[in-house]
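**Student:** One structure, as structure tokens, below. Some questions next.
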Amino acid sequence: MKSSILPTRWPATVAVMVALVFLGVAGCGSDDSSEATDDSSTSASGSAVTADDLEGTTYVSTSVTGHDLVEGSTINLSFEGPRMQLSAGCNIMSAAYDVTDGTLAWTGEPTATMMACSDDLMAQDQWLIGLFQDGVTATSDGSTLTLANDEVTIELATP
């Protein structure tokens with residue numbers, strides 16, 4: 001049976017080094033999910049993105065509406081080649097992705113580091129895995145990426 005989690009035989013130092021890189025990126029943004037937003041920020045604005053638009057980019061969440069992130073955490077996304085990498089305060093998750101008719105979704109089973117994190121951060125990882133397995137509408141207005149479905153809107157910006 002194929003596991004979707006990276007093998008535990010990977011040296012712990014590699015996992016720690018990768019995590020530190022993303023924690024450095026996480027320090028570049030903040031999450032304003034507790035602040036009220038006007039109705040215009042909760043609708044997807046801008047133009048639909050393509051996988052080509054995302055290639056080589058990195059984004060950090062600036063606000064999340066419809067879901068409370070764990071206090072002090074941010075969502076970090078990066079797109080390199082055929083893979084999208086995701087981190088939100090615990091593990092680093094990665095999978096092949098595509099954008100089809102404006103919907104960004106993983107096209108493969110995500111792999112993840114195996115960091116021992118608090119239960120709330122682990123639950124947040126699982127929520128994000130489900131979100132990107134189901135897919136979200138992705139639009140861009142310059143350096144801002146908006147991801148949305150019927151329940152949540154995530155605004156991200158380039159660091």
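Going through the structure tokens in order, the chains are called A, B, and so on, while each chain numbers its residues from 1 and the ligands are numbered from 1 in the order shown.
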Write out as a list in words which residues come within 12 Å of A:Asp141 when counting only C-alpha atoms, dropping same-chain ones fewer than 4 positions away.
**Tutor:**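 Once the nearby chain positions are removed, what remains is Ser41, Ala44, Ser45, Gly46, Ser47, Ala48, Val49, Asp53, Leu145, Thr146, Leu147, Glu155, Leu156, Ala157 and Thr158 of chain A.
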**Student:** Which residues are near A:Val70? Cut-off 8 Å, only C-alpha atoms, ignore same chain within fewer than 2 positions. Put them as a list in words.
**Tutor:**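 Here the answer would be Asp68, Gly72, Ser73, Asp120, Leu121 and Gln124 of chain A.
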**Student:** Those same residues, written as a compact mmCIF listing (two decimals), in the first residue's frame with C-alpha atoms?
**Tutor:**
# COMPACT_ATOMS: atom_id res chain seq x y z
CA ASP A 68 -10.36 30.65 11.68
CA GLY A 72 -0.19 33.01 14.86
CA SER A 73 -0.26 30.85 11.72
CA ASP A 120 -5.02 22.30 16.27
CA LEU A 121 -2.18 22.71 13.75
CA GLN A 124 -5.50 22.82 10.15
**Student:** Looking at only C-alpha atoms, which of A:Gly142, A:Cys90, A:Val99, A:Thr153 is the one that sits closest to A:Gln126?
**Tutor:** A:Cys90
**Student:** Looking only at the backbone, which of the residues in stretch 45-142 of chain A does DSSP tag as helix (DSSP H, G or I), as a PyMOL selection string?
**Tutor:** chain A and resi 51-54+119-134
**Student:** Do you know which residues are at most 8 Å from A:Ala95 counting only C-alpha atoms, after dropping those on the same chain fewer than 4 positions away, and could you put them as a list in words?
**Tutor:**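 The residues that qualify are Arg83, Met84, Gln85, Trp106, Thr107, Gly108, Glu109, Pro110 and Thr111 of chain A.
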**Student:** Include C-alpha atoms and write out the residues we just selected as a CSV table (one decimal), in the first residue's frame.
**Tutor:**
chain,number,residue,atom,x,y,z
A,83,ARG,CA,4.1,21.0,-7.8
A,84,MET,CA,2.3,23.2,-5.3
A,85,GLN,CA,3.8,23.3,-1.9
A,106,TRP,CA,-4.1,19.1,-6.4
A,107,THR,CA,-4.1,16.4,-9.1
A,108,GLY,CA,-2.1,13.9,-7.0
A,109,GLU,CA,-2.0,12.6,-3.5
A,110,PRO,CA,-0.1,15.1,-1.3
A,111,THR,CA,3.0,14.1,0.5
**Student:** Please provide as an NGL selection string all residues within 10 Å of A:Gly56, with the sequence filter that same-chain residues fewer than 5 positions apart are discarded (counting only C-alpha atoms).
**Tutor:** :A and (51 or 78-81 or 84)
**Student:** Could you write out that same residue set with C-alpha atoms as a tab-separated table (two decimals), in the first residue's frame?
**Tutor:**
chain	number	residue	atom	x	y	z
A	51	ALA	CA	-0.86	27.18	-13.95
A	78	SER	CA	4.57	28.12	-3.56
A	79	PHE	CA	4.40	26.85	-7.12
A	80	GLU	CA	7.42	25.26	-8.74
A	81	GLY	CA	7.12	23.26	-11.93
A	84	MET	CA	2.28	23.17	-5.34
